[in-house]
Structures are given as C-alpha cells and as structure tokens.
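A.B. asks: I'd like to ask some things about the structure below.
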Amino acid sequence: MKRWVLIALLVLAGPALAQERRETGLELVLLADASGSIDAEELAFQRQGYAMALTDPRVVAAIEDSTYGTIAVTYVEWATNTAVVADWTIIDGPEAARGFADALLGPPRRAVGRNAIGGALLEGKRLIESNDIDAPRAVIDFSGDSIGNSSGPSIAAARDEVLAAGITINALPILRPEDGRRAGADLEAEYARRIIGGPGAFMVTAESRATFAETLRRKLVLEIAGPEAARRHAAR
C-alpha cells in the first residue's frame, strides 16, 4: 500500500479510534493480598467483602453523585505473581456494580507464593496505563497483612515509579490480632511510610473480620469522593 494511502486511512480512522476509548471519573485498581498468609477461606472472605462493599447503596450513590457519574474498577490479587480476577468494568449504577461483584466470586485462585509488593504496585500501574479508559484520576488501592517483599523490584523503587506516573496509592492494612498472624504492631506505620502516596493518599485499617466490609465501604466512598474528602478523613 502506498504511504499516502496508509496515512489517509489512519487520519480517517482517528475519530473512530478515539471513540473507542471510554471516559470516566476514576480508574481504580483493587490490589488484594493473595500471598501465603491468606488461605482459601480468607481469600473468599476478602472477595465477598469487596463484593458487598461495591454493591452497598452508599457506594453506588457516591458513584452516581460524582462528577462523571461513573468509575472504572478492576480487581487484582497479588502474591509472587499477580492475577486479574475481574477485568476493567465501568460502574454507573446498581446493575453494573452487581455484575462486577458477581465476577469476583467465581474465578479460582491464580496468584500464589510469597509477597512481591513492588511487582504488584507496578502491575497496577501497567493495568492503568494499558487500558482503553481515560480518567482525570487513577488510584491503586493496595491491601495486605504484611510489608515483606521477597522477590522482584523493591517497594521503594516501584512506589516512586507509580507516583511519578501521577497515580495515587491508598492502602488497607489488614490486622489479625485474633489468630497470631498479625504482621507486627507497626504494620499501619509501615504502610503509611512505605506504601501510600500521591494527592490525597490515605489509609484505612481493617481491624477485624466483623468490620471488614464496612471498612471497605468507607474507603471506597472516600476514594470516589476524591482527594479533598480523603484529606478531611486524614485530619480527623
């Protein structure tokens, strides 16, 4: 094909290609712990907690009341490797929220091994940068019960790369005082120092199984509302 014909075709295709990109108010990567400290029951419990939180009427209302009225979400489990459990979905109301929640509950576990937090953060960045979505804000919502990093890039290097790309990292440290597997009394301090970062970055702690879904709901509402709401939360 002659070069000028190819250029003409690309110019004509430009508007069509642009239309294929989806616009929304927030790109949100839910990066959930699936490392060796999380057994099968706990993995299912985490997924159910996120499903309950995302379909909570208060979360749906926060989405519908946001500037764009929609958000884009993907759910990814991390360990030595990462695995997408529910792919990018535009949530614009109860039906879409329920569809995404249902998608969380069926897939088998595919992330296994020890902690590779640095690699998980970089995978969150890659998923944001390689999708077909345009949004004014991008957030990685990282959850875990430890701060170990047994393989892959360092947490510090990965965090710096994510923040340099304009992506905010929020965190959900999971404490386990009832079963003796809590990863040190300073887990919250370590997440505050080494994980979170970016405009309005914040942390909400999951202190027990009984309050897990409610903690997630509160965190999602803050993330959807934006940096100013997060700053008010952090100042309390």
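We name chains A, B, ... following the order of the structure tokens; residues begin at 1 in each chain, and ligands are numbered from 1 as shown.
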Which parts of region 30-122 of chain A does DSSP call strand (DSSP E) when run on the backbone here, written out as number ranges by chain?
C.D. replies: A: 30-33, 71-78, 82-91
A.B. asks: Please identify every residue of region 44-120 of chain A that has at least one atom no farther than 12 Å from an atom of region 216-223 of chain A, counting only C-alpha atoms, and for each give the shortest atom pair and the distance in Å to one decimal, arranged by chain then increasing number, as JSON lines.
C.D. replies:
{"residue": "A:Gln46", "atom": "CA", "partner": "A:Leu216", "partner_atom": "CA", "distance": 10.0}
{"residue": "A:Arg47", "atom": "CA", "partner": "A:Leu216", "partner_atom": "CA", "distance": 11.1}
{"residue": "A:Gln48", "atom": "CA", "partner": "A:Leu216", "partner_atom": "CA", "distance": 11.0}
{"residue": "A:Gly49", "atom": "CA", "partner": "A:Leu216", "partner_atom": "CA", "distance": 7.4}
{"residue": "A:Tyr50", "atom": "CA", "partner": "A:Leu216", "partner_atom": "CA", "distance": 6.8}
{"residue": "A:Ala51", "atom": "CA", "partner": "A:Leu216", "partner_atom": "CA", "distance": 9.8}
{"residue": "A:Met52", "atom": "CA", "partner": "A:Arg217", "partner_atom": "CA", "distance": 8.2}
{"residue": "A:Ala53", "atom": "CA", "partner": "A:Arg217", "partner_atom": "CA", "distance": 4.7}
{"residue": "A:Leu54", "atom": "CA", "partner": "A:Arg217", "partner_atom": "CA", "distance": 7.0}
{"residue": "A:Thr55", "atom": "CA", "partner": "A:Arg217", "partner_atom": "CA", "distance": 9.1}
{"residue": "A:Asp56", "atom": "CA", "partner": "A:Arg217", "partner_atom": "CA", "distance": 7.2}
{"residue": "A:Pro57", "atom": "CA", "partner": "A:Arg217", "partner_atom": "CA", "distance": 9.7}
{"residue": "A:Arg58", "atom": "CA", "partner": "A:Val221", "partner_atom": "CA", "distance": 7.6}
{"residue": "A:Val59", "atom": "CA", "partner": "A:Val221", "partner_atom": "CA", "distance": 5.6}
{"residue": "A:Val60", "atom": "CA", "partner": "A:Val221", "partner_atom": "CA", "distance": 8.8}
{"residue": "A:Ala61", "atom": "CA", "partner": "A:Val221", "partner_atom": "CA", "distance": 9.0}
{"residue": "A:Ala62", "atom": "CA", "partner": "A:Val221", "partner_atom": "CA", "distance": 6.1}
{"residue": "A:Ile63", "atom": "CA", "partner": "A:Val221", "partner_atom": "CA", "distance": 8.2}
{"residue": "A:Glu64", "atom": "CA", "partner": "A:Val221", "partner_atom": "CA", "distance": 11.3}
{"residue": "A:Asp65", "atom": "CA", "partner": "A:Val221", "partner_atom": "CA", "distance": 10.9}
{"residue": "A:Ser66", "atom": "CA", "partner": "A:Val221", "partner_atom": "CA", "distance": 10.3}
{"residue": "A:Ile71", "atom": "CA", "partner": "A:Glu223", "partner_atom": "CA", "distance": 10.4}
{"residue": "A:Val73", "atom": "CA", "partner": "A:Leu220", "partner_atom": "CA", "distance": 11.0}
A.B. asks: Assign secondary structure with DSSP using the backbone only, and return the residues of region 11-63 of chain A in alpha helix (DSSP H) as number ranges by chain.
C.D. replies: A: 11-19, 40-55, 57-63
A.B. asks: Please determine, counting only C-alpha atoms, which residue among A:Leu163, A:Leu175, A:Ala44, A:Ala225 has the shortest atom-to-atom distance to Tyr68 (chain A).
C.D. replies: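 Checking each of A:Leu163, A:Leu175, A:Ala44, A:Ala225 against Tyr68 (chain A), counting only C-alpha atoms, the winner is A:Ala225.
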A.B. asks: List the neighbours of region 81-92 of chain A out to 7 Å using only C-alpha atoms; skip same-chain residues closer than 5 positions along the sequence, and give me the result as JSON, numbers by chain.
C.D. replies: {"A": [63, 64, 69, 70, 71, 72, 73, 74, 75, 76, 97, 100, 103, 104, 107, 110, 111, 112, 120]}
A.B. asks: For a quick check of understanding, using only C-alpha atoms, which of A:Ser37, A:Ser146, A:Ser151, A:Thr168 has the smallest distance to Lys125 (chain A)?
C.D. replies: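 Closest residue, counting only C-alpha atoms: A:Thr168.
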A.B. asks: Write out as a PyMOL selection string the residues lying within 12 Å of Ala164 (chain A), counting only C-alpha atoms and excluding same-chain residues fewer than 2 positions away.
C.D. replies: chain A and resi 122+125+157-162+166-169+197-199
A.B. asks: I'd like to know which of A:Ala201, A:Ala192, A:Ile140, A:Leu31 is closest to Pro227 (chain A), using only C-alpha atoms.
C.D. replies: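 Looking only at the distances to Pro227 (chain A), the closest residue turns out to be A:Ala201.
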A.B. asks: What does the distance between CA of Gly113 (chain A) and CA of Leu187 (chain A) come to in Å, to one decimal place?
C.D. replies: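 Between CA of Gly113 (chain A) and CA of Leu187 (chain A) the gap works out to 20.3 Å.
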